[in-house]
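S.K.: One file: data05.txt (compact mmCIF, C-alpha atoms).
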# COMPACT_ATOMS: atom_id res chain seq x y z
CA MET M 1 0.00 0.00 0.00
CA THR M 2 1.36 3.39 -0.92
CA MET M 3 1.93 6.10 1.61
CA ALA M 4 -0.95 8.11 0.07
CA ASN M 5 -3.41 5.18 0.39
CA THR M 6 -2.31 4.59 3.97
CA LEU M 7 -2.94 8.21 4.84
CA ARG M 8 -6.39 8.14 3.18
CA ALA M 9 -7.36 4.97 5.10
CA LEU M 10 -6.17 6.50 8.35
CA ALA M 11 -8.10 9.68 7.67
CA ALA M 12 -11.25 7.69 6.93
CA ALA M 13 -10.85 5.73 10.16
CA LEU M 14 -10.38 8.91 12.14
CA LEU M 15 -13.50 10.44 10.56
CA LEU M 16 -15.56 7.33 11.36
CA SER M 17 -14.29 7.31 14.91
CA ALA M 18 -15.11 10.98 15.30
CA ALA M 19 -18.60 10.43 13.91
CA MET M 20 -19.23 7.56 16.31
CA THR M 21 -17.98 9.65 19.19
CA VAL M 22 -20.33 12.50 18.25
CA ALA M 23 -23.29 10.08 17.89
CA THR M 24 -22.54 8.52 21.26
CA SER M 25 -22.19 11.97 22.78
CA VAL M 26 -25.53 13.09 21.31
CA LYS M 27 -27.25 9.94 22.59
CA SER M 28 -25.67 10.42 26.01
CA GLN M 29 -26.80 14.03 26.10
CA THR M 30 -30.32 12.97 25.16
CA VAL M 31 -30.40 10.39 27.95
CA GLN M 32 -28.99 12.82 30.52
CA ARG M 33 -30.98 15.89 29.47
CA ILE M 34 -33.29 16.88 32.31
CA SER M 35 -37.02 17.15 31.69
CA ALA M 36 -38.01 17.88 35.29
CA ILE M 37 -36.67 17.87 38.85
CA VAL M 38 -39.04 16.56 41.52
CA ASN M 39 -37.80 17.18 45.04
CA ASP M 40 -34.19 16.68 43.88
CA GLU M 41 -35.06 13.58 41.81
CA LEU M 42 -34.51 13.81 38.07
CA ILE M 43 -36.84 12.89 35.25
CA THR M 44 -34.63 12.65 32.20
CA ALA M 45 -35.48 13.02 28.54
CA TYR M 46 -34.95 9.27 28.26
CA ASP M 47 -37.57 8.63 30.97
CA LEU M 48 -40.02 10.86 29.14
CA GLU M 49 -39.30 9.32 25.74
CA SER M 50 -39.68 5.79 27.13
CA ARG M 51 -43.05 6.59 28.68
CA ILE M 52 -44.26 8.28 25.50
CA ARG M 53 -43.44 5.08 23.62
CA LEU M 54 -45.42 3.06 26.17
CA VAL M 55 -48.40 5.41 25.96
CA ILE M 56 -48.46 5.37 22.17
CA PHE M 57 -48.17 1.60 22.11
CA SER M 58 -50.85 0.90 24.75
CA THR M 59 -53.37 3.48 23.53
CA ARG M 60 -52.87 2.90 19.79
CA LEU M 61 -52.25 6.57 19.18
CA SER M 62 -50.67 7.43 15.86
CA ASN M 63 -46.90 7.41 16.25
CA THR M 64 -46.16 10.80 14.71
CA VAL M 65 -44.10 13.80 15.71
CA ASP M 66 -47.32 15.79 16.20
CA THR M 67 -48.81 13.12 18.50
CA ARG M 68 -45.65 12.99 20.59
CA ARG M 69 -45.63 16.76 20.92
CA ARG M 70 -49.31 16.83 21.89
CA ILE M 71 -49.08 14.22 24.64
CA SER M 72 -45.63 15.03 26.02
CA SER M 73 -46.81 17.59 28.60
CA GLN M 74 -49.45 15.27 30.04
CA VAL M 75 -47.06 12.31 30.03
CA LEU M 76 -44.54 14.43 31.92
CA ARG M 77 -47.21 15.47 34.42
CA THR M 78 -48.05 11.80 34.96
CA LEU M 79 -44.35 11.00 35.53
CA ILE M 80 -44.09 13.85 38.02
CA ASP M 81 -47.12 12.56 39.94
CA GLU M 82 -45.67 9.07 39.97
CA ARG M 83 -42.38 10.34 41.38
CA LEU M 84 -44.27 12.19 44.10
CA GLN M 85 -46.31 9.10 44.91
CA MET M 86 -43.26 6.87 45.11
CA GLN M 87 -41.39 9.41 47.24
CA GLU M 88 -44.33 9.55 49.66
CA ALA M 89 -44.59 5.76 49.73
CA LYS M 90 -40.89 5.44 50.56
CA ARG M 91 -41.25 8.10 53.24
CA ARG M 92 -44.01 5.99 54.79
CA ASN M 93 -41.87 2.82 54.55
CA ILE M 94 -44.02 1.24 51.83
CA SER M 95 -42.14 -1.30 49.73
CA VAL M 96 -42.95 -3.26 46.58
CA SER M 97 -41.68 -6.81 46.41
CA ARG M 98 -40.56 -8.65 43.30
CA ARG M 99 -43.57 -10.91 43.78
CA ASP M 100 -45.91 -7.88 43.78
CA LEU M 101 -44.45 -6.76 40.49
CA GLN M 102 -44.54 -10.25 39.03
CA ARG M 103 -48.24 -10.63 39.84
CA ALA M 104 -48.99 -7.32 38.13
CA MET M 105 -47.05 -8.41 35.05
CA GLU M 106 -48.92 -11.72 34.95
CA THR M 107 -52.22 -9.86 35.10
CA ILE M 108 -51.25 -7.77 32.08
CA GLU M 109 -50.19 -10.90 30.22
CA LYS M 110 -53.55 -12.54 30.89
CA GLN M 111 -55.44 -9.43 29.82
CA ASN M 112 -53.51 -9.35 26.56
CA ARG M 113 -53.56 -13.14 26.05
CA LEU M 114 -49.80 -13.39 26.18
CA PRO M 115 -47.94 -16.49 27.36
CA LYS M 116 -46.48 -16.38 30.83
CA GLY M 117 -43.30 -14.33 30.68
CA GLY M 118 -44.12 -13.08 27.19
CA LEU M 119 -44.68 -9.42 28.06
CA GLU M 120 -40.99 -8.49 28.00
CA SER M 121 -40.35 -9.78 24.49
CA PHE M 122 -43.67 -8.32 23.33
CA LEU M 123 -42.62 -4.86 24.52
CA GLN M 124 -39.16 -5.19 23.04
CA GLN M 125 -40.65 -6.09 19.66
CA ASN M 126 -42.58 -2.83 19.78
CA GLY M 127 -39.69 -0.66 20.92
CA VAL M 128 -40.97 -0.11 24.48
CA PRO M 129 -38.36 -0.33 27.28
CA LEU M 130 -39.42 -2.86 29.93
CA GLU M 131 -38.27 -0.54 32.70
CA SER M 132 -40.89 2.03 31.69
CA ILE M 133 -43.79 -0.29 32.46
CA ASN M 134 -42.00 -1.68 35.52
CA GLU M 135 -41.74 1.79 37.03
CA GLN M 136 -45.38 2.52 36.28
CA LEU M 137 -46.52 -0.75 37.87
CA ARG M 138 -44.21 -0.35 40.85
CA THR M 139 -45.56 3.13 41.57
CA GLY M 140 -49.18 2.01 41.19
CA ILE M 141 -48.67 -0.86 43.64
CA ALA M 142 -46.88 1.33 46.19
CA TRP M 143 -49.51 4.08 46.00
CA SER M 144 -52.36 1.56 46.40
CA LYS M 145 -50.66 0.08 49.47
CA LEU M 146 -50.14 3.55 50.92
CA ILE M 147 -53.78 4.55 50.39
CA ARG M 148 -55.07 1.33 51.95
CA ARG M 149 -52.74 1.63 54.93
CA ARG M 150 -52.97 5.35 55.59
CA LEU M 151 -56.45 6.44 54.44
CA ARG M 152 -58.62 3.32 54.55
CA PRO M 153 -58.71 3.02 58.38
CA ARG M 154 -60.01 6.60 58.65
CA ILE M 155 -63.15 5.94 56.60
CA THR M 156 -66.27 4.20 57.90
CA VAL M 157 -69.63 3.39 56.33
CA GLY M 158 -72.61 3.18 58.70
CA GLU M 159 -75.55 0.79 58.49
CA ASP M 160 -77.90 3.77 58.22
CA GLU M 161 -76.04 4.92 55.09
CA ILE M 162 -76.48 1.49 53.52
CA ASP M 163 -80.20 1.60 54.40
CA GLU M 164 -80.51 5.01 52.72
CA SER M 165 -78.82 3.71 49.57
CA LEU M 166 -81.16 0.71 49.41
CA GLU M 167 -84.19 2.94 49.85
CA ARG M 168 -83.02 5.23 47.05
CA ILE M 169 -82.70 2.22 44.75
CA ARG M 170 -86.21 1.02 45.64
CA SER M 171 -87.64 4.46 44.90
CA ARG M 172 -86.02 4.66 41.46
CA GLN M 173 -87.98 1.96 39.67
CA GLY M 174 -88.52 2.95 36.04
CA GLN M 175 -85.91 5.71 36.13
CA THR M 176 -82.78 5.91 33.97
CA GLU M 177 -79.26 4.71 34.71
CA TYR M 178 -76.17 5.29 32.60
CA ARG M 179 -73.09 3.07 32.29
CA LEU M 180 -70.28 5.62 32.11
CA SER M 181 -66.52 5.72 31.86
CA GLU M 182 -64.42 8.79 32.67
CA ILE M 183 -61.08 10.44 32.18
CA LEU M 184 -60.38 13.02 34.88
CA LEU M 185 -57.61 15.63 34.71
CA THR M 186 -57.42 17.49 38.00
CA VAL M 187 -56.72 21.21 38.39
CA ASP M 188 -54.93 21.98 41.65
CA SER M 189 -54.43 25.72 41.16
CA PRO M 190 -55.91 28.44 38.91
CA ASP M 191 -52.67 28.92 36.98
CA GLN M 192 -52.87 25.29 35.79
CA GLU M 193 -56.35 25.49 34.35
CA ALA M 194 -55.58 26.73 30.84
CA ASN M 195 -52.87 24.11 30.34
CA ILE M 196 -55.07 21.28 31.73
CA ARG M 197 -57.96 22.36 29.52
CA ARG M 198 -55.75 22.24 26.42
CA THR M 199 -54.47 18.81 27.44
CA ALA M 200 -58.02 17.54 27.91
CA GLU M 201 -58.93 18.87 24.46
CA ARG M 202 -55.94 17.11 22.90
CA ILE M 203 -56.93 13.84 24.58
CA ALA M 204 -60.52 14.20 23.37
CA ASP M 205 -59.19 14.81 19.87
CA GLN M 206 -57.04 11.67 19.99
CA LEU M 207 -60.00 9.64 21.27
CA ALA M 208 -62.13 10.91 18.40
CA LYS M 209 -59.43 9.67 16.03
CA GLY M 210 -59.62 6.14 17.40
CA ALA M 211 -57.43 5.97 20.50
CA ARG M 212 -58.66 3.45 23.08
CA PHE M 213 -60.62 5.10 25.88
CA THR M 214 -59.70 2.51 28.52
CA ALA M 215 -55.99 2.71 27.73
CA ILE M 216 -55.99 6.52 27.73
CA ALA M 217 -57.82 6.46 31.09
CA ARG M 218 -55.22 4.10 32.58
CA GLN M 219 -52.36 6.31 31.41
CA PHE M 220 -53.72 9.80 32.01
CA SER M 221 -56.80 9.84 34.26
CA GLN M 222 -56.21 11.06 37.79
CA SER M 223 -59.31 9.39 39.19
CA ALA M 224 -59.31 6.15 41.17
CA THR M 225 -61.19 4.62 38.23
CA ALA M 226 -58.01 4.81 36.13
CA ALA M 227 -57.07 1.35 37.40
CA VAL M 228 -60.20 -0.11 35.72
CA GLY M 229 -59.95 1.89 32.52
CA GLY M 230 -62.14 4.73 33.78
CA ASP M 231 -65.21 2.56 34.41
CA LEU M 232 -67.68 4.38 36.70
CA GLY M 233 -70.26 1.59 36.63
CA TRP M 234 -73.98 2.36 36.51
CA GLN M 235 -74.80 5.93 37.50
CA HIS M 236 -78.36 6.96 38.32
CA GLU M 237 -79.55 10.13 36.62
CA THR M 238 -80.05 11.85 39.99
CA GLU M 239 -76.40 11.19 40.89
CA LEU M 240 -75.28 13.48 38.06
CA ASN M 241 -75.28 17.22 38.48
CA ASP M 242 -77.59 19.34 36.31
CA THR M 243 -74.94 19.96 33.66
CA LEU M 244 -73.90 16.33 33.33
CA ARG M 245 -77.51 15.09 33.41
CA GLU M 246 -78.41 17.35 30.51
CA VAL M 247 -75.33 16.39 28.49
CA VAL M 248 -75.51 12.64 29.12
CA GLY M 249 -79.27 12.57 28.56
CA GLN M 250 -78.73 13.70 24.97
CA MET M 251 -75.92 11.23 24.21
CA GLY M 252 -76.21 8.04 22.22
CA LYS M 253 -74.70 4.74 23.26
CA GLY M 254 -70.97 4.73 22.50
CA SER M 255 -70.68 8.51 22.23
CA MET M 256 -68.26 10.71 24.15
CA THR M 257 -68.39 14.22 25.59
CA SER M 258 -66.02 17.08 25.01
CA PRO M 259 -64.03 18.04 28.14
CA ILE M 260 -66.45 19.19 30.86
CA LYS M 261 -65.33 21.64 33.55
CA THR M 262 -66.03 20.32 37.05
CA VAL M 263 -65.02 21.27 40.57
CA ALA M 264 -62.12 18.77 40.46
CA GLY M 265 -60.89 19.64 36.97
CA TYR M 266 -61.88 18.47 33.48
CA ARG M 267 -63.78 15.26 32.73
CA ILE M 268 -64.34 13.37 29.50
CA LEU M 269 -67.23 10.92 29.69
CA LEU M 270 -68.02 7.92 27.52
CA LEU M 271 -71.59 6.56 27.54
CA ARG M 272 -71.38 2.78 27.30
CA ASP M 273 -75.02 1.87 27.88
CA THR M 274 -78.40 3.03 29.19
CA ARG M 275 -81.09 1.13 31.07
CA LYS M 276 -84.32 1.61 32.99
CA ILE M 277 -84.29 0.39 36.58
CA ALA M 278 -86.46 -2.73 37.05
CA GLN M 279 -87.72 -2.52 33.48
CA ARG M 280 -86.21 -5.82 32.48
CA GLU M 281 -88.51 -8.24 30.69
CA ALA M 282 -90.67 -9.97 33.31
CA LYS M 283 -90.89 -13.75 33.54
CA PRO M 284 -94.13 -15.22 32.11
CA VAL M 285 -96.96 -15.56 34.63
CA THR M 286 -97.35 -19.19 35.69
CA LEU M 287 -100.38 -20.41 37.65
CA ASP M 288 -100.78 -23.57 39.73
CA LEU M 289 -104.49 -24.39 39.26
CA ARG M 290 -107.08 -26.59 40.99
CA GLN M 291 -110.55 -27.24 39.55
CA ILE M 292 -114.04 -28.33 40.51
CA PHE M 293 -116.22 -29.28 37.55
CA LEU M 294 -119.98 -29.58 37.94
CA PRO M 295 -121.34 -31.37 34.82
CA LEU M 296 -124.58 -30.50 32.99
CA PRO M 297 -126.27 -32.02 29.98
CA ARG M 298 -125.90 -29.79 26.93
CA GLN M 299 -129.61 -29.00 26.75
CA SER M 300 -130.10 -28.39 30.47
CA PRO M 301 -132.87 -26.00 31.52
CA ALA M 302 -131.88 -22.62 32.94
CA SER M 303 -132.92 -23.66 36.44
CA ASP M 304 -130.44 -26.56 36.45
CA ILE M 305 -127.68 -24.32 35.17
CA GLU M 306 -128.39 -21.74 37.85
CA GLY M 307 -128.43 -24.49 40.48
CA GLN M 308 -124.93 -25.66 39.53
CA ILE M 309 -123.67 -22.07 39.47
CA ASP M 310 -125.07 -21.54 43.00
CA LEU M 311 -123.30 -24.72 44.14
CA ALA M 312 -120.07 -23.44 42.62
CA ARG M 313 -120.47 -20.17 44.55
CA ILE M 314 -120.94 -22.09 47.79
CA VAL M 315 -117.70 -23.98 47.07
CA ARG M 316 -115.95 -20.71 46.36
CA ASP M 317 -117.12 -19.18 49.63
CA THR M 318 -116.41 -22.30 51.68
CA ALA M 319 -112.88 -23.36 50.69
CA SER M 320 -110.12 -21.55 52.54
CA SER M 321 -107.13 -23.49 51.22
CA CYS M 322 -106.08 -25.69 48.32
CA THR M 323 -106.52 -28.73 50.58
CA ASP M 324 -110.10 -27.68 51.40
CA PHE M 325 -110.78 -27.09 47.73
CA SER M 326 -109.58 -30.58 46.75
CA GLN M 327 -111.70 -32.14 49.53
CA LEU M 328 -114.78 -30.23 48.38
CA ALA M 329 -114.19 -31.50 44.84
CA LYS M 330 -114.69 -35.03 46.13
CA GLU M 331 -117.71 -34.06 48.24
CA VAL M 332 -119.63 -32.46 45.36
CA GLY M 333 -118.75 -35.32 43.03
CA SER M 334 -116.52 -33.47 40.54
CA PRO M 335 -115.69 -36.02 37.83
CA ARG M 336 -112.35 -34.44 36.96
CA PRO M 337 -109.12 -34.62 39.02
CA PRO M 338 -108.82 -31.53 41.26
CA SER M 339 -105.21 -30.76 40.31
CA LEU M 340 -104.78 -29.23 36.86
CA GLY M 341 -101.06 -28.50 37.34
CA LYS M 342 -99.00 -25.46 36.34
CA PHE M 343 -99.79 -23.44 33.22
CA ALA M 344 -98.37 -20.30 31.68
CA LEU M 345 -101.16 -17.74 31.67
CA LYS M 346 -100.59 -17.04 27.98
CA ASP M 347 -101.17 -20.75 27.15
CA LEU M 348 -104.66 -20.92 28.67
CA SER M 349 -107.76 -20.61 26.49
CA PRO M 350 -109.06 -17.02 26.27
CA ALA M 351 -112.16 -17.85 28.31
CA ILE M 352 -110.16 -19.38 31.18
CA ARG M 353 -107.37 -16.79 30.95
CA ASN M 354 -109.80 -13.90 31.39
CA VAL M 355 -111.26 -15.58 34.49
CA VAL M 356 -107.99 -16.30 36.35
CA LYS M 357 -105.64 -13.54 35.14
CA ASP M 358 -106.37 -11.29 38.14
CA VAL M 359 -106.99 -14.00 40.75
CA LYS M 360 -104.39 -13.88 43.48
CA ALA M 361 -102.64 -16.93 44.89
CA GLY M 362 -104.89 -18.72 47.40
CA LYS M 363 -108.09 -17.27 45.92
CA ILE M 364 -110.93 -18.85 43.89
CA SER M 365 -112.43 -17.60 40.65
CA ASP M 366 -116.05 -16.89 39.87
CA PRO M 367 -117.93 -19.82 38.33
CA VAL M 368 -117.44 -20.22 34.57
CA LYS M 369 -120.24 -21.64 32.36
CA MET M 370 -118.81 -24.23 30.00
CA PRO M 371 -120.68 -26.07 27.16
CA ASP M 372 -121.02 -29.21 29.33
CA GLY M 373 -121.04 -27.86 32.86
CA VAL M 374 -119.83 -25.23 35.34
CA LEU M 375 -116.18 -24.79 36.24
CA VAL M 376 -114.66 -23.09 39.27
CA LEU M 377 -110.88 -22.62 39.55
CA MET M 378 -108.54 -21.98 42.47
CA VAL M 379 -105.12 -20.41 42.02
CA CYS M 380 -102.83 -22.25 44.43
CA GLY M 381 -99.66 -20.57 43.20
CA ARG M 382 -98.64 -17.63 41.01
CA GLU M 383 -95.09 -16.94 39.77
CA GLY M 384 -93.51 -14.32 37.49
CA GLY M 385 -95.26 -11.40 35.91
CA THR M 386 -93.75 -8.64 38.02
CA SER M 387 -90.38 -7.08 37.33
CA VAL M 388 -88.75 -6.69 40.72
CA ILE M 389 -85.76 -4.51 41.44
CA LYS M 390 -82.78 -6.71 42.15
CA LEU M 391 -81.25 -4.97 45.11
CA PRO M 392 -77.48 -5.15 45.58
CA GLU M 393 -76.04 -6.89 48.62
CA ARG M 394 -75.32 -4.70 51.62
CA ASP M 395 -71.62 -5.54 51.39
CA ASP M 396 -71.56 -4.37 47.75
CA ILE M 397 -73.14 -1.03 48.73
CA ALA M 398 -70.66 -0.61 51.57
CA ASP M 399 -67.76 -1.33 49.20
CA ARG M 400 -69.03 1.24 46.70
CA LEU M 401 -69.44 3.96 49.35
CA MET M 402 -66.02 3.14 50.73
CA SER M 403 -64.41 3.32 47.26
CA GLU M 404 -66.01 6.70 46.54
CA ARG M 405 -64.78 8.22 49.79
CA LEU M 406 -61.36 6.64 49.47
CA ALA M 407 -61.00 8.08 45.95
CA LEU M 408 -61.92 11.55 47.19
CA SER M 409 -59.47 11.30 50.10
CA ALA M 410 -56.73 10.08 47.77
CA ARG M 411 -57.23 13.05 45.44
CA ARG M 412 -56.96 15.44 48.38
CA TYR M 413 -53.88 13.63 49.65
CA MET M 414 -52.24 13.88 46.24
CA ARG M 415 -53.15 17.56 45.96
CA ASP M 416 -51.44 18.27 49.30
CA ILE M 417 -48.34 16.35 48.20
CA ARG M 418 -48.11 18.40 45.00
CA LEU M 419 -48.53 21.68 46.84
CA ALA M 420 -45.73 20.79 49.26
CA ALA M 421 -43.36 19.59 46.53
CA VAL M 422 -40.59 21.49 44.77
CA ILE M 423 -41.03 20.83 41.05
CA ASP M 424 -38.86 22.32 38.32
CA VAL M 425 -40.06 21.56 34.79
CA ARG M 426 -37.30 22.06 32.24
CA VAL M 427 -39.14 21.34 28.97
Using structure tokens, write down the structure that the file contains.
M.R.:
Amino acid sequence: MTMANTLRALAAALLLSAAMTVATSVKSQTVQRISAIVNDELITAYDLESRIRLVIFSTRLSNTVDTRRRISSQVLRTLIDERLQMQEAKRRNISVSRRDLQRAMETIEKQNRLPKGGLESFLQQNGVPLESINEQLRTGIAWSKLIRRRLRPRITVGEDEIDESLERIRSRQGQTEYRLSEILLTVDSPDQEANIRRTAERIADQLAKGARFTAIARQFSQSATAAVGGDLGWQHETELNDTLREVVGQMGKGSMTSPIKTVAGYRILLLRDTRKIAQREAKPVTLDLRQIFLPLPRQSPASDIEGQIDLARIVRDTASSCTDFSQLAKEVGSPRPPSLGKFALKDLSPAIRNVVKDVKAGKISDPVKMPDGVLVLMVCGREGGTSVIKLPERDDIADRLMSERLALSARRYMRDIRLAAVIDVRV
């Protein structure tokens, strides 16, 4: 090799080395660049970028520069809240074991129909760092433990409160309930409101473009319902304030609201379903019937017919139970077996149906003139026909009241933590 070729090769090697050094330096600077400082803990640009990847992947948002720019501020706010929650949990000596984390991972794998241990490779295939979801899960577990340990013992639900809830349910028959899901973005101070409103509008826009509501709720909602994808369950119309009742009442199933200003912040609601309380289809009316038949020749004179009808009335006024009725059938010489059995009301002949449709259980019908005699019927049992409100168990009501109060206490707790924190946002 000539001296000139050697020099050119050396120069090329030096240029390549310099380029690699610059690339490594740029990457290092990106990783180390600070996005926020939370009580002396750093959130780096790498942390933010990793979480943005996770959010885009889990919510099916479009992976574009514009989408990343739109969600970055809310993702950073979520990371800041998580750091504050984990700091508070550590301060209160709350720990998260490897087994806690493993159980959470297994739950995600089951929800996504992944094989056991398959979540890590699944994330790697989609460019999502495993540590990003680990940190999110670890924080969620620690915060849940802290809330249960610190706030749960302070909240009680009285028996009188459960009684009041049951009475409200009884009084609401025929009224409307809505199955709702929510995304809540809280506003802790007036200077945050404009930014939170814009964030809520961006989220609503992404949802309108096809992003998954449940996934967005899990990533961004600051309500306790975030853990279940924002599901509020069935909400009675009277449980909504005037503004929400008017808005939700005009929505169709599957539709979503624009961000709604509330006392806590901004809410986006999704209407999943609507129903009327106790308006479910009733079971068919079924009657357990007994009979006494008093025969008559087809061409009987009116006096004979009237005589058998009078006898049937005496039977009706005498029998006080189904046993008495069956005994009287033998005494008057009824040629037919007393027990007819159980029949759906709709399957009876029109003449018989009209006679027994309003007869209560344990009561006897008026005599019925048939072509070949007089028939009197006793209703020994009546089932179905009435749609009854299925009341929840008392324990279920207590759990719901407890969850509502615990969620409110947790929001207040988190608000106080934010207000006491020193937060320096650098982006």
S.K.: Using only C-alpha atoms, which residue out of M:Gly381, M:Gly307, M:Pro367, M:Gly210 lies closest to Lys342 in chain M?
M.R.: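 Closest candidate: M:Gly381.
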S.K.: If we draw a sphere of 12 Å around (-39.0, 6.8, 25.4), which residues have at least one atom in it when counting all atoms listed in the file? Please report them as a PyMOL selection string.
M.R.: chain M and resi 30-31+43-57+68+72+75-76+126-133
S.K.: Name all residues at most 10 Å from Val422 in chain M (count only C-alpha atoms; drop same-chain ones fewer than 4 positions away) and give them as a VMD selection string.
M.R.: chain M and resid 37 to 40 417 to 418
S.K.: Hey, can you check how far CA of Ile169 in chain M sits from CA of Ile277 in chain M?
M.R.: 8.5 Å
S.K.: Restricting the calculation to all atoms listed in the file, which member of M:Leu328, M:Val157, M:Ile203, M:Leu185 is positioned closest to Gly265 in chain M?
M.R.: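 Residue with the minimum atom-to-atom distance to Gly265 in chain M: M:Leu185.
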S.K.: Write out as an MDAnalysis selection string the residues lying within 10 Å of Val248 in chain M, counting all atoms listed in the file and excluding same-chain residues fewer than 5 positions away.
M.R.: chainID M and resid 178 180 237 240 243 253 255:257 269:271
S.K.: CA of Ser349 in chain M and CA of Ser334 in chain M, how far apart in Å?
M.R.: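 CA of Ser349 in chain M lies 21.0 Å from CA of Ser334 in chain M.
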S.K.: In terms of the shortest atom-to-atom distance over all atoms listed in the file, which of M:Ala226, M:Asp424, M:Ile397, M:Lys360 is closest to Glu167 in chain M?
M.R.: M:Ile397
S.K.: Can you pull out the residues contacting Ile309 in chain M? Cut-off 10 Å, using all atoms listed in the file, and skip same-chain residues under 6 positions away; I want them as a list in words.
M.R.: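 Those residues are Leu294, Ser303, Val315, Asp366, Pro367, Val368, Lys369, Gly373, Val374, Leu375 and Val376 of chain M.
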S.K.: Just write the chosen residues, C-alpha atoms, as a PDB file, keeping the file's coordinate frame.
M.R.:
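Output contents, as saved in part.pdb:
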ATOM      1  CA  LEU M 294    -119.980 -29.580  37.940  1.00  0.00           C
ATOM      2  CA  SER M 303    -132.920 -23.660  36.440  1.00  0.00           C
ATOM      3  CA  VAL M 315    -117.700 -23.980  47.070  1.00  0.00           C
ATOM      4  CA  ASP M 366    -116.050 -16.890  39.870  1.00  0.00           C
ATOM      5  CA  PRO M 367    -117.930 -19.820  38.330  1.00  0.00           C
ATOM      6  CA  VAL M 368    -117.440 -20.220  34.570  1.00  0.00           C
ATOM      7  CA  LYS M 369    -120.240 -21.640  32.360  1.00  0.00           C
ATOM      8  CA  GLY M 373    -121.040 -27.860  32.860  1.00  0.00           C
ATOM      9  CA  VAL M 374    -119.830 -25.230  35.340  1.00  0.00           C
ATOM     10  CA  LEU M 375    -116.180 -24.790  36.240  1.00  0.00           C
ATOM     11  CA  VAL M 376    -114.660 -23.090  39.270  1.00  0.00           C
TER      12      VAL M 376
END
S.K.: Grab the CA of Gln136 in chain M to CA of Glu82 in chain M distance for me, in Å with one decimal place.
M.R.: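 Atom-to-atom, CA of Gln136 in chain M to CA of Glu82 in chain M, that is 7.5 Å.
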S.K.: Considering all atoms listed in the file, return as a compact mmCIF listing (two decimals) with C-alpha atoms, in the frame of the given file whatever protein or nucleic-acid residues lie within 10 Å of Thr59 in chain M, sequence-local ones (same chain, fewer than 2 positions apart) excluded.
M.R.:
# COMPACT_ATOMS: atom_id res chain seq x y z
CA LEU M 54 -45.42 3.06 26.17
CA VAL M 55 -48.40 5.41 25.96
CA ILE M 56 -48.46 5.37 22.17
CA PHE M 57 -48.17 1.60 22.11
CA LEU M 61 -52.25 6.57 19.18
CA SER M 62 -50.67 7.43 15.86
CA GLN M 206 -57.04 11.67 19.99
CA LEU M 207 -60.00 9.64 21.27
CA GLY M 210 -59.62 6.14 17.40
CA ALA M 211 -57.43 5.97 20.50
CA ARG M 212 -58.66 3.45 23.08
CA PHE M 213 -60.62 5.10 25.88
CA THR M 214 -59.70 2.51 28.52
CA ALA M 215 -55.99 2.71 27.73
CA ILE M 216 -55.99 6.52 27.73
CA ALA M 217 -57.82 6.46 31.09
CA ARG M 218 -55.22 4.10 32.58
CA GLN M 219 -52.36 6.31 31.41
